[in-house]
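Colleague: Next comes the structure file input_4.cif, holding mmCIF, C-alpha atoms and all ligand atoms.
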```
data_upload
#
loop_
_atom_site.group_PDB
_atom_site.id
_atom_site.type_symbol
_atom_site.label_atom_id
_atom_site.label_comp_id
_atom_site.auth_asym_id
_atom_site.auth_seq_id
_atom_site.Cartn_x
_atom_site.Cartn_y
_atom_site.Cartn_z
ATOM 1 C CA MET A 1 62.296 112.614 105.460
ATOM 2 C CA ALA A 2 64.772 109.789 106.178
ATOM 3 C CA GLN A 3 67.594 109.397 103.675
ATOM 4 C CA ALA A 4 67.049 106.235 101.631
ATOM 5 C CA ILE A 5 69.631 103.583 100.898
ATOM 6 C CA THR A 6 69.216 100.909 98.247
ATOM 7 C CA ILE A 7 70.267 97.300 98.836
ATOM 8 C CA ILE A 8 70.634 95.186 95.707
ATOM 9 C CA ASN A 9 71.193 91.438 95.626
ATOM 10 C CA GLY A 10 72.019 89.605 92.432
ATOM 11 C CA PRO A 11 71.570 86.143 90.947
ATOM 12 C CA ASN A 12 70.795 83.102 93.086
ATOM 13 C CA LEU A 13 70.712 85.120 96.293
ATOM 14 C CA ASN A 14 66.937 84.525 96.355
ATOM 15 C CA LEU A 15 67.883 80.942 97.257
ATOM 16 C CA LEU A 16 69.747 81.904 100.431
ATOM 17 C CA GLY A 17 68.925 79.594 103.301
ATOM 18 C CA THR A 18 68.749 76.502 101.125
ATOM 19 C CA ARG A 19 71.547 77.110 98.591
ATOM 20 C CA GLU A 20 74.908 75.629 99.670
ATOM 21 C CA PRO A 21 74.264 76.457 103.371
ATOM 22 C CA GLU A 22 77.806 75.308 104.242
ATOM 23 C CA ILE A 23 79.056 78.313 102.224
ATOM 24 C CA TYR A 24 76.264 80.876 102.483
ATOM 25 C CA GLY A 25 74.650 79.975 105.832
ATOM 26 C CA THR A 26 71.009 79.312 106.653
ATOM 27 C CA THR A 27 69.767 82.885 106.866
ATOM 28 C CA THR A 28 67.226 83.593 104.137
ATOM 29 C CA LEU A 29 67.200 86.680 101.917
ATOM 30 C CA ALA A 30 63.949 87.775 103.610
ATOM 31 C CA ASP A 31 65.762 87.569 106.983
ATOM 32 C CA ILE A 32 68.673 89.621 105.632
ATOM 33 C CA GLU A 33 66.352 92.241 104.147
ATOM 34 C CA ALA A 34 64.449 92.541 107.450
ATOM 35 C CA MET A 35 67.784 92.891 109.304
ATOM 36 C CA CYS A 36 68.860 95.610 106.868
ATOM 37 C CA VAL A 37 65.652 97.606 107.252
ATOM 38 C CA ALA A 38 65.953 97.407 111.053
ATOM 39 C CA ARG A 39 69.643 98.328 111.044
ATOM 40 C CA ALA A 40 69.110 101.264 108.694
ATOM 41 C CA LYS A 41 66.336 102.534 110.987
ATOM 42 C CA THR A 42 68.751 102.665 113.948
ATOM 43 C CA HIS A 43 70.720 105.221 111.890
ATOM 44 C CA GLY A 44 67.610 107.174 110.867
ATOM 45 C CA LEU A 45 67.857 105.765 107.311
ATOM 46 C CA SER A 46 65.247 103.940 105.267
ATOM 47 C CA ALA A 47 66.287 100.882 103.248
ATOM 48 C CA GLN A 48 64.780 99.606 100.018
ATOM 49 C CA CYS A 49 65.766 96.059 99.134
ATOM 50 C CA PHE A 50 65.765 94.454 95.692
ATOM 51 C CA GLN A 51 66.876 91.134 94.215
ATOM 52 C CA SER A 52 67.097 90.026 90.612
ATOM 53 C CA ASN A 53 68.571 87.094 88.744
ATOM 54 C CA ASP A 54 68.705 89.183 85.589
ATOM 55 C CA GLU A 55 71.766 91.275 84.633
ATOM 56 C CA GLY A 56 69.747 93.910 82.728
ATOM 57 C CA GLU A 57 67.289 94.240 85.578
ATOM 58 C CA LEU A 58 70.205 94.804 87.983
ATOM 59 C CA VAL A 59 71.425 97.599 85.669
ATOM 60 C CA ASN A 60 67.904 99.117 85.790
ATOM 61 C CA LEU A 61 67.868 98.923 89.593
ATOM 62 C CA ILE A 62 71.270 100.628 89.785
ATOM 63 C CA GLN A 63 70.047 103.374 87.425
ATOM 64 C CA GLN A 64 67.010 103.913 89.685
ATOM 65 C CA ALA A 65 69.278 104.099 92.735
ATOM 66 C CA ARG A 66 71.350 106.707 90.884
ATOM 67 C CA GLU A 67 68.312 108.998 90.958
ATOM 68 C CA SER A 68 67.065 108.358 94.465
ATOM 69 C CA ALA A 69 69.519 106.672 96.846
ATOM 70 C CA ALA A 70 71.867 108.316 99.338
ATOM 71 C CA GLY A 71 73.940 105.131 99.289
ATOM 72 C CA VAL A 72 73.981 101.699 97.653
ATOM 73 C CA ILE A 73 74.862 98.274 99.039
ATOM 74 C CA ILE A 74 75.328 95.617 96.396
ATOM 75 C CA ASN A 75 76.037 91.911 96.356
ATOM 76 C CA ALA A 76 76.063 91.254 92.625
ATOM 77 C CA GLY A 77 76.664 87.507 93.158
ATOM 78 C CA ALA A 78 78.364 85.849 90.203
ATOM 79 C CA TYR A 79 77.922 89.007 88.086
ATOM 80 C CA SER A 80 80.505 90.661 90.351
ATOM 81 C CA HIS A 81 83.103 88.574 88.542
ATOM 82 C CA THR A 82 81.808 89.021 84.993
ATOM 83 C CA SER A 83 79.677 92.094 84.406
ATOM 84 C CA VAL A 84 81.091 95.216 82.763
ATOM 85 C CA ALA A 85 77.457 96.385 82.351
ATOM 86 C CA ILE A 86 76.996 96.420 86.133
ATOM 87 C CA LEU A 87 80.363 98.173 86.553
ATOM 88 C CA ASP A 88 79.315 100.850 84.023
ATOM 89 C CA ALA A 89 75.973 101.375 85.791
ATOM 90 C CA LEU A 90 77.688 101.679 89.187
ATOM 91 C CA GLN A 91 80.209 104.126 87.744
ATOM 92 C CA SER A 92 77.307 106.485 87.003
ATOM 93 C CA VAL A 93 76.242 106.534 90.665
ATOM 94 C CA ALA A 94 77.566 109.484 92.664
ATOM 95 C CA ALA A 95 76.390 108.134 96.042
ATOM 96 C CA PRO A 96 78.755 105.883 98.035
ATOM 97 C CA ILE A 97 78.654 102.172 97.165
ATOM 98 C CA MET A 98 79.467 99.285 99.514
ATOM 99 C CA GLU A 99 80.133 95.825 98.100
ATOM 100 C CA VAL A 100 79.140 92.799 100.177
ATOM 101 C CA HIS A 101 79.752 89.080 99.725
ATOM 102 C CA LEU A 102 78.549 86.533 102.246
ATOM 103 C CA SER A 103 81.464 84.207 101.571
ATOM 104 C CA ASN A 104 85.162 85.013 101.563
ATOM 105 C CA ILE A 105 85.628 85.182 97.807
ATOM 106 C CA PHE A 106 89.432 85.212 98.242
ATOM 107 C CA ALA A 107 89.409 81.832 99.964
ATOM 108 C CA ARG A 108 87.450 80.280 97.089
ATOM 109 C CA GLU A 109 88.082 79.514 93.414
ATOM 110 C CA GLU A 110 90.463 81.870 91.590
ATOM 111 C CA PHE A 111 87.710 83.184 89.270
ATOM 112 C CA ARG A 112 85.973 84.689 92.305
ATOM 113 C CA HIS A 113 89.034 86.683 93.386
ATOM 114 C CA HIS A 114 88.347 89.531 90.968
ATOM 115 C CA SER A 115 85.225 91.674 91.260
ATOM 116 C CA TYR A 116 84.356 94.450 88.800
ATOM 117 C CA VAL A 117 82.298 96.059 91.589
ATOM 118 C CA SER A 118 85.282 96.532 93.911
ATOM 119 C CA GLY A 119 86.861 99.224 91.727
ATOM 120 C CA VAL A 120 83.907 101.565 92.271
ATOM 121 C CA ALA A 121 83.091 100.588 95.865
ATOM 122 C CA ALA A 122 83.952 102.820 98.820
ATOM 123 C CA GLY A 123 84.384 99.602 100.819
ATOM 124 C CA VAL A 124 84.224 95.842 100.396
ATOM 125 C CA ILE A 125 83.069 93.375 103.056
ATOM 126 C CA CYS A 126 83.308 89.652 102.442
ATOM 127 C CA GLY A 127 83.306 86.430 104.420
ATOM 128 C CA LEU A 128 81.201 87.653 107.329
ATOM 129 C CA GLY A 129 77.864 86.234 106.194
ATOM 130 C CA ALA A 130 74.694 88.195 106.822
ATOM 131 C CA GLN A 131 76.499 90.413 109.338
ATOM 132 C CA GLY A 132 78.374 91.945 106.408
ATOM 133 C CA TYR A 133 75.209 93.752 105.291
ATOM 134 C CA GLU A 134 74.763 95.305 108.740
ATOM 135 C CA MET A 135 78.405 96.380 108.752
ATOM 136 C CA ALA A 136 77.973 97.930 105.316
ATOM 137 C CA ILE A 137 74.938 99.891 106.556
ATOM 138 C CA ASP A 138 76.923 101.117 109.586
ATOM 139 C CA ALA A 139 79.762 102.213 107.298
ATOM 140 C CA LEU A 140 77.375 103.983 104.906
ATOM 141 C CA ALA A 141 75.707 105.777 107.835
ATOM 142 C CA THR A 142 79.102 106.981 109.072
ATOM 143 C CA ARG A 143 79.960 108.299 105.617
ATOM 144 C CA LEU A 144 76.588 109.967 105.131
ATOM 145 C CA ASN A 145 76.820 111.670 108.537
ATOM 146 C CA SER A 146 80.250 113.042 107.741
ATOM 147 C CA LEU A 147 79.277 114.405 104.298
HETATM 148 C C1 LIG A 201 78.686 85.733 96.513
HETATM 149 C C2 LIG A 201 80.013 85.194 95.985
HETATM 150 C C3 LIG A 201 79.943 84.959 94.481
HETATM 151 O O1 LIG A 201 81.187 84.443 94.015
HETATM 152 C C4 LIG A 201 78.864 83.966 94.147
HETATM 153 O O2 LIG A 201 78.756 83.803 92.747
HETATM 154 C C5 LIG A 201 77.554 84.314 94.751
HETATM 155 C C6 LIG A 201 77.519 84.838 96.116
HETATM 156 C C7 LIG A 201 78.692 85.853 98.035
HETATM 157 O O3 LIG A 201 77.813 86.547 98.558
HETATM 158 O O4 LIG A 201 79.509 85.227 98.710
HETATM 159 O O5 LIG A 201 76.508 84.103 94.165
HETATM 160 O O6 LIG A 201 78.484 87.033 95.975
#
```
Would you give me this structure, written as C-alpha cells?

Modeller:
Amino acid sequence: MAQAITIINGPNLNLLGTREPEIYGTTTLADIEAMCVARAKTHGLSAQCFQSNDEGELVNLIQQARESAAGVIINAGAYSHTSVAILDALQSVAAPIMEVHLSNIFAREEFRHHSYVSGVAAGVICGLGAQGYEMAIDALATRLNSL
C-alpha cells in the first residue's frame, strides 16, 4: 500500500483564489489539493488533504496524522504565528513535518515573521505560492525514501 501523507491547511485558506489574490494568487484550495494528490502519486505516495478554520479541529487533524501519516505538510495560516496548541500537537508527531506558506512571511508585517510551526518542521517553504506545496511533497518523498 502507498505511504500516506497528510496535508493540512488552516484558517482562511478555504478562500484561496478570491482572498487577497495580489498576495495569495488566484489558485484555489481545490486546485492546490488536486496538484498535491497528483504530485504525491508521482512519488508513489497517497495524499489526504484537510482544511479547517478552527484551531481545535486543526489539533484533532494533527493528532490523526500522528497515528497514520508518513509525513505532514502544514500551512497553519495565521495560527502559525499564535498557536502553542498547534505547536504541542505537532511536537507529538514523529513523522517529518514540512511547513508551507504561500506568501513570503518575512517580507510582510513583523508579526508574521515568527512561526511556532517552524521549530518542529524539517523544512520551511514560503513565498513560492502553490508551487511550495509541490516542493514540500518532493522534499518529503526524498526524506521518506532515505529513511
Ligand atoms: C499564510 C501566511 C499567514 O501569515 C497568513 O495569516 C495566512 C496565509 C501564507 O500561506 O502565506 O493566512 O500562511

Colleague: Counting only C-alpha atoms and all ligand atoms, what are the residues, protein, DNA or RNA alike, that approach ligand LIG 201 (chain A) to within 8 Å? I want them as a compact mmCIF listing (two decimals) with C-alpha atoms, in the coordinates of the input.

Modeller:
```
# COMPACT_ATOMS: atom_id res chain seq x y z
CA GLY A 10 72.02 89.60 92.43
CA PRO A 11 71.57 86.14 90.95
CA ASN A 12 70.80 83.10 93.09
CA LEU A 13 70.71 85.12 96.29
CA ILE A 23 79.06 78.31 102.22
CA TYR A 24 76.26 80.88 102.48
CA ASN A 75 76.04 91.91 96.36
CA ALA A 76 76.06 91.25 92.62
CA GLY A 77 76.66 87.51 93.16
CA ALA A 78 78.36 85.85 90.20
CA TYR A 79 77.92 89.01 88.09
CA SER A 80 80.50 90.66 90.35
CA HIS A 81 83.10 88.57 88.54
CA VAL A 100 79.14 92.80 100.18
CA HIS A 101 79.75 89.08 99.72
CA LEU A 102 78.55 86.53 102.25
CA SER A 103 81.46 84.21 101.57
CA ASN A 104 85.16 85.01 101.56
CA ILE A 105 85.63 85.18 97.81
CA ARG A 112 85.97 84.69 92.30
CA CYS A 126 83.31 89.65 102.44
CA GLY A 127 83.31 86.43 104.42
CA GLY A 129 77.86 86.23 106.19
```

Colleague: For the file shown, what are the residues hit by the PyMOL selection byres (((chain A and resi 40-42) around 9) and not hetatm), laid out as a ChimeraX atom specification?

Modeller: /A:2,4-5,35-39,43-47,134,137-138,141

Colleague: A:Ser115, A:Asn53, A:Thr26, A:Ser146: which is nearest A:Thr82, counting only C-alpha atoms?

Modeller: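 When distances to A:Thr82 are compared using only C-alpha atoms, the smallest one comes from A:Ser115.
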
Colleague: Can you tell me, as JSON, numbers by chain, what residues are no more than 10 Å from stretch 61-73 of chain A when counting only C-alpha atoms, ignoring any on the same chain fewer than 4 positions away?

Modeller: {"A": [2, 3, 4, 5, 6, 7, 8, 9, 45, 46, 47, 48, 49, 50, 51, 52, 55, 56, 57, 86, 87, 88, 89, 90, 91, 92, 93, 94, 95, 96, 97, 98, 99, 100, 121, 123, 124, 133, 136, 137, 140, 141, 143, 144]}

Colleague: To one decimal in Å, tell me the separation between atom CA of A:Asn14 and atom CA of A:Thr28.

Modeller: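 Atom CA of A:Asn14 sits 7.8 Å away from atom CA of A:Thr28.
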
Colleague: So what do you get for atom CA of A:Asn60 versus atom CA of A:Ala130, distance-wise?

Modeller: 24.7 Å

Colleague: Once 5 Å is added on each side, what centre and edge lengths in Å to one decimal does the axis-aligned box around all listed atoms of stretch 98-102 of chain A have, as lines of an AutoDock Vina configuration file?

Modeller:
```
center_x = 79.3
center_y = 92.9
center_z = 100.2
size_x = 11.6
size_y = 22.8
size_z = 14.1
```

Colleague: Expressed in Å to a single decimal, how great is the separation between atom CA of A:Ala139 and atom CA of A:Leu58?

Modeller: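 These atoms are spaced 22.8 Å apart.
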